[in-house]
$ cat structure_24.pdb   # PDB, C-alpha atoms and all ligand atoms
ATOM      1  CA  MET E  97      47.543  10.520 -13.313
ATOM      2  CA  MET E  98      48.691  11.151  -9.743
ATOM      3  CA  ASN E  99      46.369  13.208  -7.662
ATOM      4  CA  THR E 100      47.854  16.120  -5.808
ATOM      5  CA  GLU E 101      45.141  16.468  -3.220
ATOM      6  CA  GLY E 102      46.652  13.975  -0.788
ATOM      7  CA  ALA E 103      44.705  11.628   1.445
ATOM      8  CA  SER E 104      41.398  13.443   1.175
ATOM      9  CA  TYR E 105      41.115  12.581  -2.497
ATOM     10  CA  VAL E 106      38.332  10.104  -3.150
ATOM     11  CA  PRO E 107      38.210   8.760  -6.687
ATOM     12  CA  TYR E 108      34.779   9.065  -8.248
ATOM     13  CA  THR E 109      33.174   5.693  -8.774
ATOM     14  CA  THR E 110      29.566   4.647  -8.985
ATOM     15  CA  ASP E 111      30.058   2.866  -5.651
ATOM     16  CA  ASN E 112      30.910   5.856  -3.565
ATOM     17  CA  ALA E 113      28.036   7.734  -5.197
ATOM     18  CA  LEU E 114      25.527   5.393  -3.508
ATOM     19  CA  PRO E 115      23.446   7.177  -0.904
ATOM     20  CA  GLU E 116      23.396   6.032   2.712
ATOM     21  CA  LYS E 117      21.336   2.917   3.247
ATOM     22  CA  ALA E 118      19.354   4.357   6.123
ATOM     23  CA  ASN E 119      16.434   6.588   5.183
ATOM     24  CA  ILE E 120      16.096   5.679   1.529
ATOM     25  CA  PRO E 121      12.827   7.258   0.300
ATOM     26  CA  LYS E 122      10.173   4.592   0.029
ATOM     27  CA  HIS E 123       8.443   6.260  -2.908
ATOM     28  CA  ILE E 124      10.115   8.478  -5.510
ATOM     29  CA  ALA E 125       8.043  10.159  -8.222
ATOM     30  CA  ILE E 126       9.703  11.753 -11.252
ATOM     31  CA  VAL E 127       8.536  14.329 -13.792
ATOM     32  CA  MET E 128      10.706  13.278 -16.718
ATOM     33  CA  ASP E 129      11.029  16.602 -18.519
ATOM     34  CA  GLY E 130      13.343  18.133 -21.123
ATOM     35  CA  ASN E 131      13.358  15.635 -23.992
ATOM     36  CA  GLY E 132      12.387  18.271 -26.548
ATOM     37  CA  ARG E 133      15.075  20.708 -25.405
ATOM     38  CA  TRP E 134      17.684  17.954 -25.368
ATOM     39  CA  ALA E 135      16.865  17.242 -29.016
ATOM     40  CA  LYS E 136      16.687  20.905 -30.011
ATOM     41  CA  LYS E 137      20.186  21.525 -28.665
ATOM     42  CA  ARG E 138      21.406  18.868 -31.093
ATOM     43  CA  GLN E 139      19.212  19.966 -33.986
ATOM     44  CA  LEU E 140      17.275  16.734 -33.745
ATOM     45  CA  SER E 141      13.511  16.287 -33.816
ATOM     46  CA  ARG E 142      11.573  16.293 -30.535
ATOM     47  CA  THR E 143      10.735  12.630 -31.034
ATOM     48  CA  GLU E 144      14.443  11.800 -31.044
ATOM     49  CA  GLY E 145      14.619  13.428 -27.640
ATOM     50  CA  HIS E 146      11.871  11.122 -26.379
ATOM     51  CA  ALA E 147      13.682   8.113 -27.831
ATOM     52  CA  GLU E 148      16.854   9.127 -26.001
ATOM     53  CA  GLY E 149      14.909   9.155 -22.729
ATOM     54  CA  GLU E 150      14.696   5.357 -22.828
ATOM     55  CA  LYS E 151      18.233   4.977 -21.420
ATOM     56  CA  SER E 152      17.421   7.290 -18.530
ATOM     57  CA  ILE E 153      14.262   5.359 -17.681
ATOM     58  CA  LEU E 154      16.080   2.021 -17.587
ATOM     59  CA  ASP E 155      19.036   3.387 -15.634
ATOM     60  CA  VAL E 156      16.824   5.058 -13.048
ATOM     61  CA  ILE E 157      14.780   1.869 -12.567
ATOM     62  CA  ASP E 158      18.005  -0.088 -12.014
ATOM     63  CA  GLY E 159      19.249   2.603  -9.655
ATOM     64  CA  ALA E 160      16.026   2.457  -7.653
ATOM     65  CA  LEU E 161      16.282  -1.341  -7.416
ATOM     66  CA  GLU E 162      19.927  -1.081  -6.374
ATOM     67  CA  VAL E 163      19.302   1.136  -3.356
ATOM     68  CA  GLY E 164      15.978  -0.396  -2.335
ATOM     69  CA  VAL E 165      13.441   2.235  -3.344
ATOM     70  CA  GLN E 166      10.158   0.332  -3.176
ATOM     71  CA  TRP E 167       7.907   2.565  -5.263
ATOM     72  CA  LEU E 168       8.905   4.522  -8.343
ATOM     73  CA  SER E 169       6.374   6.617 -10.270
ATOM     74  CA  LEU E 170       7.218   8.078 -13.649
ATOM     75  CA  TYR E 171       5.192  10.790 -15.347
ATOM     76  CA  ALA E 172       5.128   9.672 -18.978
ATOM     77  CA  PHE E 173       2.111  11.456 -20.488
ATOM     78  CA  SER E 174      -0.150  14.030 -18.884
ATOM     79  CA  THR E 175      -3.823  14.745 -19.532
ATOM     80  CA  GLU E 176      -2.558  18.029 -21.036
ATOM     81  CA  ASN E 177      -0.031  16.415 -23.391
ATOM     82  CA  TRP E 178      -2.861  15.727 -25.893
ATOM     83  CA  ARG E 179      -2.485  19.406 -26.766
ATOM     84  CA  ARG E 180       0.791  18.674 -28.547
ATOM     85  CA  PRO E 181       0.992  18.276 -32.333
ATOM     86  CA  ALA E 182      -0.797  15.099 -33.457
ATOM     87  CA  GLU E 183       2.412  13.670 -34.830
ATOM     88  CA  GLU E 184       4.205  13.954 -31.482
ATOM     89  CA  VAL E 185       1.230  12.471 -29.629
ATOM     90  CA  ARG E 186       1.173   9.570 -32.079
ATOM     91  CA  TYR E 187       4.895   9.073 -31.580
ATOM     92  CA  LEU E 188       4.537   9.053 -27.781
ATOM     93  CA  MET E 189       1.833   6.361 -27.975
ATOM     94  CA  TYR E 190       4.037   4.224 -30.215
ATOM     95  CA  PHE E 191       7.162   4.931 -28.144
ATOM     96  CA  ASN E 192       5.563   3.938 -24.850
ATOM     97  CA  GLU E 193       4.104   0.770 -26.312
ATOM     98  CA  ASN E 194       7.442  -0.142 -27.830
ATOM     99  CA  LEU E 195       9.252   0.507 -24.569
ATOM    100  CA  LEU E 196       6.822  -1.700 -22.724
ATOM    101  CA  LEU E 197       7.085  -4.606 -25.165
ATOM    102  CA  LYS E 198      10.861  -4.331 -25.311
ATOM    103  CA  HIS E 199      11.534  -4.274 -21.569
ATOM    104  CA  ARG E 200       8.552  -5.938 -19.940
ATOM    105  CA  ASP E 201      10.119  -9.394 -19.624
ATOM    106  CA  ASN E 202      13.403  -8.101 -18.296
ATOM    107  CA  LEU E 203      11.641  -5.925 -15.731
ATOM    108  CA  HIS E 204       9.538  -8.928 -14.788
ATOM    109  CA  LYS E 205      12.719 -10.968 -14.180
ATOM    110  CA  LYS E 206      14.026  -8.213 -11.925
ATOM    111  CA  GLY E 207      10.910  -8.402  -9.801
ATOM    112  CA  VAL E 208       9.362  -5.151 -10.977
ATOM    113  CA  ARG E 209       5.612  -4.808 -10.705
ATOM    114  CA  ILE E 210       4.425  -2.595 -13.561
ATOM    115  CA  ARG E 211       1.287  -0.511 -13.134
ATOM    116  CA  PHE E 212      -0.289   2.235 -15.173
ATOM    117  CA  SER E 213      -2.052   5.146 -13.567
ATOM    118  CA  GLY E 214      -4.292   7.539 -15.422
ATOM    119  CA  ARG E 215      -7.512   7.770 -17.379
ATOM    120  CA  ARG E 216      -8.252   5.108 -19.931
ATOM    121  CA  ASP E 217      -9.989   7.109 -22.577
ATOM    122  CA  TRP E 218     -10.750   6.399 -26.215
ATOM    123  CA  ARG E 219      -7.705   8.306 -27.405
ATOM    124  CA  ILE E 220      -5.356   5.611 -26.111
ATOM    125  CA  PRO E 221      -4.922   3.060 -28.923
ATOM    126  CA  LYS E 222      -6.669  -0.250 -28.113
ATOM    127  CA  LYS E 223      -3.542  -2.317 -28.671
ATOM    128  CA  LEU E 224      -1.522  -0.141 -26.293
ATOM    129  CA  ALA E 225      -4.262  -0.403 -23.656
ATOM    130  CA  GLN E 226      -4.237  -4.178 -24.053
ATOM    131  CA  ASN E 227      -0.444  -4.297 -23.666
ATOM    132  CA  MET E 228      -0.697  -2.133 -20.554
ATOM    133  CA  ASP E 229      -3.181  -4.585 -19.039
ATOM    134  CA  ASP E 230      -1.076  -7.580 -20.022
ATOM    135  CA  ALA E 231       2.053  -6.120 -18.409
ATOM    136  CA  MET E 232       0.160  -5.364 -15.193
ATOM    137  CA  GLN E 233      -1.238  -8.892 -15.149
ATOM    138  CA  LEU E 234       2.137 -10.514 -15.890
ATOM    139  CA  THR E 235       3.993  -8.635 -13.155
ATOM    140  CA  LYS E 236       1.289  -8.393 -10.505
ATOM    141  CA  SER E 237       2.999 -10.684  -7.983
ATOM    142  CA  ASN E 238       6.404  -8.986  -8.170
ATOM    143  CA  ARG E 239       7.649  -7.348  -5.007
ATOM    144  CA  ALA E 240      11.070  -5.760  -5.633
ATOM    145  CA  LEU E 241       9.692  -2.444  -6.909
ATOM    146  CA  VAL E 242       6.306  -1.081  -7.861
ATOM    147  CA  LEU E 243       6.820   0.929 -11.034
ATOM    148  CA  THR E 244       3.827   3.164 -11.672
ATOM    149  CA  ILE E 245       3.790   4.696 -15.116
ATOM    150  CA  CYS E 246       1.535   7.733 -15.089
ATOM    151  CA  PHE E 247       0.034   7.783 -18.541
ATOM    152  CA  ASN E 248      -2.806  10.053 -19.546
ATOM    153  CA  TYR E 249      -2.504  10.994 -15.914
ATOM    154  CA  GLY E 250      -3.655  14.265 -14.382
ATOM    155  CA  GLY E 251      -3.803  15.039 -10.682
ATOM    156  CA  ARG E 252      -7.025  16.988 -11.138
ATOM    157  CA  ALA E 253      -8.591  14.190 -13.189
ATOM    158  CA  GLU E 254      -7.699  11.738 -10.414
ATOM    159  CA  ILE E 255      -9.362  13.918  -7.776
ATOM    160  CA  ILE E 256     -12.410  14.476 -10.021
ATOM    161  CA  ASP E 257     -12.709  10.711 -10.529
ATOM    162  CA  ALA E 258     -12.482  10.144  -6.764
ATOM    163  CA  VAL E 259     -15.225  12.737  -6.148
ATOM    164  CA  LYS E 260     -17.439  11.074  -8.772
ATOM    165  CA  ASN E 261     -17.043   7.776  -6.919
ATOM    166  CA  ILE E 262     -17.872   9.429  -3.613
ATOM    167  CA  VAL E 263     -21.090  10.729  -5.142
ATOM    168  CA  SER E 264     -21.999   7.448  -6.817
ATOM    169  CA  ASP E 265     -21.288   5.627  -3.526
ATOM    170  CA  GLY E 266     -23.807   7.980  -1.918
ATOM    171  CA  LEU E 267     -21.511   9.229   0.848
ATOM    172  CA  PRO E 268     -23.120  11.815   3.152
ATOM    173  CA  PRO E 269     -21.045  14.960   3.938
ATOM    174  CA  GLU E 270     -20.068  13.736   7.404
ATOM    175  CA  LYS E 271     -18.409  10.681   5.850
ATOM    176  CA  ILE E 272     -16.205  12.761   3.553
ATOM    177  CA  ASN E 273     -12.692  12.877   4.946
ATOM    178  CA  GLU E 274      -9.117  12.182   3.773
ATOM    179  CA  LYS E 275      -9.666   8.454   3.948
ATOM    180  CA  ALA E 276     -12.790   8.658   1.774
ATOM    181  CA  ILE E 277     -10.797  10.441  -0.920
ATOM    182  CA  LYS E 278      -7.571   8.450  -0.614
ATOM    183  CA  SER E 279      -9.401   5.148  -0.863
ATOM    184  CA  ARG E 280     -10.864   6.307  -4.193
ATOM    185  CA  LEU E 281      -7.633   7.437  -5.843
ATOM    186  CA  TYR E 282      -6.323   5.308  -8.732
ATOM    187  CA  TYR E 283      -4.064   3.254  -6.419
ATOM    188  CA  PRO E 284      -5.170   3.494  -2.806
ATOM    189  CA  ASP E 285      -2.320   1.188  -1.731
ATOM    190  CA  MET E 286       0.329   3.564  -3.111
ATOM    191  CA  PRO E 287       2.111   5.468  -0.328
ATOM    192  CA  ASP E 288       2.513   9.210  -0.850
ATOM    193  CA  PRO E 289       5.804  10.083  -2.575
ATOM    194  CA  ASP E 290       8.577  10.962  -0.135
ATOM    195  CA  LEU E 291      10.537  12.645  -2.891
ATOM    196  CA  VAL E 292       9.424  14.245  -6.162
ATOM    197  CA  ILE E 293      12.111  14.961  -8.750
ATOM    198  CA  ARG E 294      11.594  17.177 -11.775
ATOM    199  CA  THR E 295      14.281  17.480 -14.415
ATOM    200  CA  SER E 296      14.961  20.215 -16.997
ATOM    201  CA  GLY E 297      15.100  23.192 -14.646
ATOM    202  CA  GLU E 298      11.346  23.857 -14.605
ATOM    203  CA  TYR E 299      10.001  24.590 -11.153
ATOM    204  CA  ARG E 300       6.447  23.359 -11.391
ATOM    205  CA  ILE E 301       4.308  20.301 -10.769
ATOM    206  CA  SER E 302       2.320  20.249 -14.048
ATOM    207  CA  ASN E 303      -0.656  18.399 -12.591
ATOM    208  CA  PHE E 304       1.339  15.468 -11.174
ATOM    209  CA  LEU E 305       0.001  13.568  -8.127
ATOM    210  CA  LEU E 306      -1.655  16.646  -6.625
ATOM    211  CA  TRP E 307      -3.304  14.924  -3.683
ATOM    212  CA  GLU E 308      -0.356  12.663  -2.937
ATOM    213  CA  ILE E 309       2.440  15.259  -2.821
ATOM    214  CA  ALA E 310       1.009  17.307   0.054
ATOM    215  CA  TYR E 311       4.142  16.613   2.155
ATOM    216  CA  SER E 312       6.627  15.363  -0.431
ATOM    217  CA  GLU E 313      10.136  16.768  -0.586
ATOM    218  CA  LEU E 314      10.711  18.457  -3.943
ATOM    219  CA  PHE E 315      13.974  18.238  -5.866
ATOM    220  CA  PHE E 316      14.539  20.185  -9.068
ATOM    221  CA  SER E 317      17.393  19.187 -11.347
ATOM    222  CA  ASP E 318      18.751  21.233 -14.254
ATOM    223  CA  MET E 319      19.594  18.029 -16.077
ATOM    224  CA  LEU E 320      17.503  17.346 -19.174
ATOM    225  CA  TRP E 321      15.791  13.971 -18.872
ATOM    226  CA  PRO E 322      17.878  12.163 -21.558
ATOM    227  CA  ASP E 323      21.020  13.092 -19.543
ATOM    228  CA  PHE E 324      19.614  11.947 -16.201
ATOM    229  CA  ARG E 325      21.141   8.773 -14.749
ATOM    230  CA  SER E 326      21.072   6.784 -11.512
ATOM    231  CA  GLU E 327      23.955   8.876 -10.157
ATOM    232  CA  HIS E 328      21.675  11.918 -10.357
ATOM    233  CA  LEU E 329      18.939   9.944  -8.638
ATOM    234  CA  TYR E 330      21.426   9.204  -5.859
ATOM    235  CA  GLN E 331      22.301  12.887  -5.553
ATOM    236  CA  ALA E 332      18.620  13.666  -5.120
ATOM    237  CA  ILE E 333      18.307  10.908  -2.506
ATOM    238  CA  ALA E 334      21.367  12.224  -0.646
ATOM    239  CA  GLU E 335      19.803  15.680  -0.525
ATOM    240  CA  PHE E 336      16.532  14.152   0.645
ATOM    241  CA  GLN E 337      18.423  12.455   3.474
ATOM    242  CA  ASN E 338      19.621  15.853   4.676
ATOM    243  CA  ARG E 339      16.177  17.409   4.748
ATOM    244  CA  SER E 340      14.132  17.753   7.875
ATOM    245  CA  ARG E 341      10.542  16.640   7.367
ATOM    246  CA  ARG E 342       8.246  18.081   9.979
ATOM    247  CA  PHE E 343       4.708  17.409   8.718
ATOM    248  CA  GLY E 344       3.520  20.522  10.544
ATOM    249  CA  ARG E 345       5.152  19.592  13.845
ATOM    250  CA  VAL E 346       8.197  21.188  15.474
ATOM    251  CA  GLU E 347      11.671  19.660  15.388
ATOM    252  CA  LYS E 348      12.030  16.771  17.871
ATOM    253  CA  ASP E 349      15.099  18.257  19.584
ATOM    254  CA  GLY E 350      14.483  21.853  18.692
TER     255      GLY E 350
HETATM  256  C1  LIG O   1       9.060  15.360 -21.400
HETATM  257  O1  LIG O   1       9.822  16.093 -22.303
HETATM  258  C2  LIG O   1       8.288  14.251 -22.060
HETATM  259  C3  LIG O   1       6.837  14.453 -22.080
HETATM  260  C4  LIG O   1       6.200  15.445 -21.581
HETATM  261  C5  LIG O   1       6.060  13.436 -22.764
HETATM  262  P1  LIG O   1       9.211  17.289 -23.135
HETATM  263  O2  LIG O   1       8.721  16.748 -24.434
HETATM  264  O3  LIG O   1       8.208  18.022 -22.356
HETATM  265  O4  LIG O   1      10.498  18.170 -23.382
HETATM  266  P2  LIG O   1      10.581  19.759 -23.338
HETATM  267  O5  LIG O   1      10.016  20.197 -22.032
HETATM  268  O6  LIG O   1       9.795  20.264 -24.498
HETATM  269  O7  LIG O   1      12.040  20.062 -23.449
HETATM  270  C1  LIG O   2       5.011  17.279 -17.640
HETATM  271  O1  LIG O   2       5.850  17.847 -18.579
HETATM  272  C2  LIG O   2       4.423  16.000 -18.147
HETATM  273  C3  LIG O   2       5.341  14.881 -18.315
HETATM  274  C4  LIG O   2       6.618  14.874 -18.009
HETATM  275  C5  LIG O   2       4.764  13.695 -18.857
HETATM  276  P1  LIG O   2       5.328  18.958 -19.597
HETATM  277  O2  LIG O   2       6.493  19.297 -20.453
HETATM  278  O3  LIG O   2       4.097  18.488 -20.274
HETATM  279  O4  LIG O   2       4.962  20.146 -18.615
HETATM  280  P2  LIG O   2       4.771  21.695 -18.914
HETATM  281  O5  LIG O   2       3.839  21.823 -20.064
HETATM  282  O6  LIG O   2       6.124  22.247 -19.254
HETATM  283  O7  LIG O   2       4.254  22.266 -17.638
HETATM  284 MG    MG O   3       8.324  19.579 -21.088
END
$ encode --input "structure_24.pdb" --output "structure tokens"
Amino acid sequence: MMNTEGASYVPYTTDNALPEKANIPKHIAIVMDGNGRWAKKRQLSRTEGHAEGEKSILDVIDGALEVGVQWLSLYAFSTENWRRPAEEVRYLMYFNENLLLKHRDNLHKKGVRIRFSGRRDWRIPKKLAQNMDDAMQLTKSNRALVLTICFNYGGRAEIIDAVKNIVSDGLPPEKINEKAIKSRLYYPDMPDPDLVIRTSGEYRISNFLLWEIAYSELFFSDMLWPDFRSEHLYQAIAEFQNRSRRFGRVEKDG
């Protein structure tokens, strides 16, 4: 069909949806939320909503690789998600293990380093824990993207664990500073997220990366996670590129 808008008309393609190459966030962290509501809208079970989220995860990883994001963190299971019905929790354990086994080799080929962040407690099935370790070991030399899957992760738990280490290391009060805490977080080499995205129209953090997001830009999308794709990631990046990050200072030219 002919367009009637004249020369200003730009056809929508994935290409022109790519964000500008300069100022791509180094680390993007995502709260993948809305699977249950996506399923409910279709009269499906909540677990079918989780299953549908697989496509979004893969597409967003590819999108991050495409534009050169170096660190991507995905919130997959929180320390509070154990409060869900046992059947859903069981499904999420199985789903995450399945996802890992299904895509590990392909991600490895793409140069993705897979890491898991969170507490390893007895409630995580042994076989899943073993597969998590194997994937980390297999991909540990990859450099294209560090994919951190936050699983049984809680920001408060991470800070509590850091404080425990400070105490067991015998640090005196005068040695307690940002560096002392940061160096005891689950991944001290992980840069703070530049951009945090939460889907599903909820405006909260839900115990995600509490220490690390002190100066992150926040982006809230109404999209339910199973509908989220790399083009939406690019929209978030484009908005990020228009933000002015001051870190407590005043504008350079202002
Ligand atoms: C996010 O989707 C996935 C996890 C928290 C594991 P939800 O399951 O929270 O979906 P909603 O928020 O109920 O729609
Ligand atoms: C946050 O989503 C956790 C994950 C996405 C894994 P929730 O759905 O658990 O968050 P709340 O309960 O709505 O705050
Ligand atoms: Mg939710």
$ closest_residue --input "structure_24.pdb" --among "E:Gly159, E:Gly149, E:Pro221, E:Pro289" --to "ligand LIG 1 (chain O)" --atoms "all atoms listed in the file"
E:Gly149
$ residues_near_ligand --input "structure_24.pdb" --ligand "ligand LIG 2 (chain O)" --cutoff "12 Å" --atoms "all atoms listed in the file" --output "PyMOL selection string"
chain E and resi 125-133+142+146+149+169-180+185+188+192+214+245-251+293-305+320-321
$ resolve_selection --input "structure_24.pdb" --expression "the PyMOL selection byres (((chain E and resi 238) around 7) and not hetatm)" --output "NGL selection string"
:E and (207-209 or 235-237 or 239-240)
$ residues_around --input "structure_24.pdb" --residues "Phe343 in chain E" --least-positions-apart "5" --cutoff "10 Å" --atoms "all atoms listed in the file" --output "MDAnalysis selection string"
chainID E and resid 310:312
$ residues_near_point --input "structure_24.pdb" --point "(7.6, -4.8, -12.4)" --cutoff "12 Å" --atoms "all atoms listed in the file" --output "PyMOL selection string"
chain E and resi 157-158+161+166-169+196+199-212+228+230-245
